[in-house]
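Engineer: My questions will all concern the structure given below.
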Amino acid sequence: MDIIAHYFPHLTDRQREQFSGLITEFRSWNERLNLVARTDVDNLAERHVLHSLGIAKVVEFPAGSSVLDVGTGGGLPGLPLAILFPEVKFHLIDSIGKKIRAVQEMAHALGLANVTAEQIRAEQVRPKFDFVVSRAVARLATFHPWIEHRYKPHGLPSSGLYYLKGGDLTEEIEESGLAAQVFDLPDYFREEFFETKKVVFVPSSPAGR
């Protein structure tokens with residue numbers, strides 16, 4: 001928990017409680033569903049919660065905006081971001097029902113009224129959103145067509161996809177044909193885990209690509 005407060009020093013007492021509660025809830029659910037590798041359980045705060053919050057280092061979601069988290073799994077990156085941005089609406093989706101049920105239970109336990117969760121594929125989602133977030137579900141060339149029509153028309157200047165990825169992405173971005181902007185997480189977090197971690201931003205507007 002200290003690592004989160006270190007990088008986000010302006011958290012309210014309520015947010016600190018929620019982040020602590022998230023780690024407790026996630027550990028409990030992980031014993032039943034194996035949401036993340038068991039070897040990572042001792043590093044939940046750094047490798048999953050803080051990693052999810054890397055998106056918040058490159059974009060500030062405005063109050064009243066909406067975010068779609070695709071392939072959320074156990075609620076990442078959506079739940080940590082929802083704690084950080086309580087005035088923003090988050091819709092977390094995954095194709096695996098038992099994971100979505102876990103996410104719904106965790107959101108309820110944490111009092112996250114700004115979170116909804118649904119078992120559905122990205123291509124089947126009908127509502128439109130200001131932002132899309134995800135953690136390395138697939139290569140960009142595969143993933144982007146799933147979500148490119150999920151945006152509200154006339155979006156915000158910062159609207160688009162914020163995709164957590166790792167490694168050298170040069171070839172993957174070229175393959176996608178997208179005008180992507182890459183943010184290196186070591187610019188924000190000093191832990192060794194983040195050495196190759198990145199946030200890839202793809203604007204929602206074709207004019208931005």
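By convention in this document, the chains of the structure tokens carry letters A, B, ... by their order, each chain's residues are numbered from 1, and ligands are numbered from 1 in the order they are shown.
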Pull the strand (DSSP E or B) assignments for range 116-207 of chain A out of DSSP run on the backbone, and list those residues as a ChimeraX atom specification.
Structural biologist: /A:116-119,129,131-135,151,160-166,181-184,197-203
Engineer: So that I can see what lies close to Val58 in chain A, please list as a JSON list (two decimals) with N, CA and C atoms, in the first residue's frame the residues with an atom at most 12 Å from it, counting only C-alpha atoms and leaving out residues fewer than 3 positions away in the same chain.
Structural biologist:
```
[["chain", "number", "residue", "atom", "x", "y", "z"],
["A", 52, "SER", "N", -1.51, -0.86, -13.08],
["A", 52, "SER", "CA", -2.77, -0.35, -13.63],
["A", 52, "SER", "C", -2.82, 1.17, -13.57],
["A", 53, "LEU", "N", -2.30, 1.72, -12.49],
["A", 53, "LEU", "CA", -2.33, 3.17, -12.29],
["A", 53, "LEU", "C", -1.32, 3.91, -13.17],
["A", 54, "GLY", "N", -0.48, 3.16, -13.87],
["A", 54, "GLY", "CA", 0.41, 3.79, -14.83],
["A", 54, "GLY", "C", -0.35, 4.61, -15.85],
["A", 55, "ILE", "N", -1.57, 4.18, -16.17],
["A", 55, "ILE", "CA", -2.41, 4.92, -17.11],
["A", 55, "ILE", "C", -2.70, 6.31, -16.58],
["A", 61, "PHE", "N", -8.49, 11.40, -16.41],
["A", 61, "PHE", "CA", -9.88, 11.24, -16.88],
["A", 61, "PHE", "C", -10.74, 12.34, -16.27],
["A", 158, "SER", "N", -8.29, 14.07, -25.36],
["A", 158, "SER", "CA", -7.46, 12.96, -24.89],
["A", 158, "SER", "C", -8.14, 11.60, -25.06],
["A", 161, "LEU", "N", -7.56, 4.96, -26.80],
["A", 161, "LEU", "CA", -7.15, 3.73, -26.14],
["A", 161, "LEU", "C", -5.87, 3.97, -25.35],
["A", 162, "TYR", "N", -5.88, 3.53, -24.09],
["A", 162, "TYR", "CA", -4.68, 3.53, -23.25],
["A", 162, "TYR", "C", -4.39, 2.07, -22.90],
["A", 163, "TYR", "N", -3.35, 1.54, -23.53],
["A", 163, "TYR", "CA", -3.09, 0.10, -23.54],
["A", 163, "TYR", "C", -1.78, -0.19, -22.81],
["A", 164, "LEU", "N", -1.84, -0.97, -21.75],
["A", 164, "LEU", "CA", -0.64, -1.35, -21.00],
["A", 164, "LEU", "C", 0.05, -2.52, -21.69],
["A", 181, "GLN", "N", 1.16, 6.63, -29.69],
["A", 181, "GLN", "CA", 2.15, 7.34, -28.87],
["A", 181, "GLN", "C", 2.50, 6.44, -27.70],
["A", 182, "VAL", "N", 3.79, 6.27, -27.43],
["A", 182, "VAL", "CA", 4.24, 5.35, -26.39],
["A", 182, "VAL", "C", 4.82, 6.13, -25.21],
["A", 183, "PHE", "N", 4.34, 5.80, -24.02],
["A", 183, "PHE", "CA", 4.85, 6.40, -22.78],
["A", 183, "PHE", "C", 5.57, 5.30, -22.01],
["A", 184, "ASP", "N", 6.81, 5.55, -21.62],
["A", 184, "ASP", "CA", 7.61, 4.57, -20.87],
["A", 184, "ASP", "C", 7.34, 4.71, -19.38],
["A", 185, "LEU", "N", 6.88, 3.64, -18.75],
["A", 185, "LEU", "CA", 6.56, 3.72, -17.32],
["A", 185, "LEU", "C", 7.78, 3.94, -16.41],
["A", 187, "ASP", "N", 9.69, 6.24, -16.66],
["A", 187, "ASP", "CA", 9.72, 7.69, -16.47],
["A", 187, "ASP", "C", 8.91, 8.12, -15.25],
["A", 188, "TYR", "N", 8.05, 7.21, -14.77],
["A", 188, "TYR", "CA", 7.16, 7.53, -13.65],
["A", 188, "TYR", "C", 7.41, 6.66, -12.42],
["A", 198, "LYS", "N", 5.09, -0.15, -20.66],
["A", 198, "LYS", "CA", 4.70, 1.05, -21.39],
["A", 198, "LYS", "C", 3.19, 1.23, -21.38],
["A", 199, "VAL", "N", 2.76, 2.48, -21.64],
["A", 199, "VAL", "CA", 1.36, 2.77, -21.96],
["A", 199, "VAL", "C", 1.33, 3.23, -23.41],
["A", 200, "VAL", "N", 0.54, 2.55, -24.22],
["A", 200, "VAL", "CA", 0.39, 2.93, -25.62],
["A", 200, "VAL", "C", -0.93, 3.70, -25.77],
["A", 201, "PHE", "N", -0.86, 4.89, -26.33],
["A", 201, "PHE", "CA", -2.05, 5.71, -26.55],
["A", 201, "PHE", "C", -2.36, 5.75, -28.04]]
```
Engineer: Find the spatial neighbours of Gly73 in chain A, counting only C-alpha atoms, within a cut-off of 12 Å - ignore same-chain residues fewer than 4 positions away - and output them as JSON, numbers by chain.
Structural biologist: {"A": [26, 29, 30, 33, 34, 35, 36, 48, 69, 77, 78, 79, 92, 93, 94, 95, 96, 97, 98, 99, 100, 101, 102, 103, 104, 117, 118, 119, 120, 134, 135, 136, 137]}
Engineer: Kindly save the residues from that selection, with C-alpha atoms included, as a CSV table (one decimal), in the first residue's frame.
Structural biologist:
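Just written: out_29.csv:
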```csv
chain,number,residue,atom,x,y,z
A,26,PHE,CA,-8.1,-9.6,-4.6
A,29,TRP,CA,-10.6,-14.1,-4.8
A,30,ASN,CA,-7.3,-15.1,-6.3
A,33,LEU,CA,-10.1,-18.2,-9.2
A,34,ASN,CA,-6.4,-17.7,-9.8
A,35,LEU,CA,-7.0,-14.2,-11.3
A,36,VAL,CA,-3.2,-13.6,-11.5
A,48,HIS,CA,-0.9,-5.1,-10.6
A,69,ASP,CA,-12.0,-1.7,-19.6
A,77,PRO,CA,-6.8,-1.9,-14.7
A,78,GLY,CA,-10.4,-0.8,-14.1
A,79,LEU,CA,-10.8,-1.2,-10.3
A,92,LEU,CA,-15.5,-3.5,-17.0
A,93,ILE,CA,-16.0,-6.3,-19.4
A,94,ASP,CA,-14.6,-9.8,-19.8
A,95,SER,CA,-15.8,-13.0,-21.6
A,96,ILE,CA,-15.3,-15.1,-18.5
A,97,GLY,CA,-18.3,-15.0,-16.3
A,98,LYS,CA,-16.7,-16.1,-13.0
A,99,LYS,CA,-14.1,-13.3,-13.3
A,100,ILE,CA,-16.9,-10.7,-13.9
A,101,ARG,CA,-18.8,-12.0,-10.8
A,102,ALA,CA,-15.6,-11.6,-8.8
A,103,VAL,CA,-15.2,-8.0,-10.1
A,104,GLN,CA,-18.8,-7.2,-9.2
A,117,ALA,CA,-19.1,-5.1,-14.9
A,118,GLU,CA,-20.5,-7.3,-17.6
A,119,GLN,CA,-19.7,-10.7,-19.2
A,120,ILE,CA,-19.5,-9.7,-22.9
A,134,SER,CA,-6.8,-2.6,-21.2
A,135,ARG,CA,-3.8,-4.7,-20.1
A,136,ALA,CA,-2.1,-6.5,-23.1
A,137,VAL,CA,-5.1,-8.6,-24.2
```
Engineer: Would you mind telling me which residue in A:Ala63, A:Ala56, A:Leu140, A:Ile3 lies nearest to Ala179 in chain A when using only C-alpha atoms?
Structural biologist: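 Ranking A:Ala63, A:Ala56, A:Leu140, A:Ile3 by distance to Ala179 in chain A, first place goes to A:Leu140.
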Engineer: Using only C-alpha atoms, which of A:Ser66, A:Ser20, A:Ser28, A:Thr196 sits nearest Arg150 in chain A?
Structural biologist: A:Ser66
Engineer: Considering only C-alpha atoms, state which residue in the set A:Val133, A:Leu112, A:Leu50, A:Leu44 is at the smallest distance from Gln15 in chain A.
Structural biologist: A:Leu112
Engineer: Could you pull out all residues of range 6-201 of chain A with a DSSP call of alpha helix (DSSP H) and give them as a PyMOL selection string?
Structural biologist: chain A and resi 6-7+13-33+44+51-53+78-84+97-109+140-147+170-176
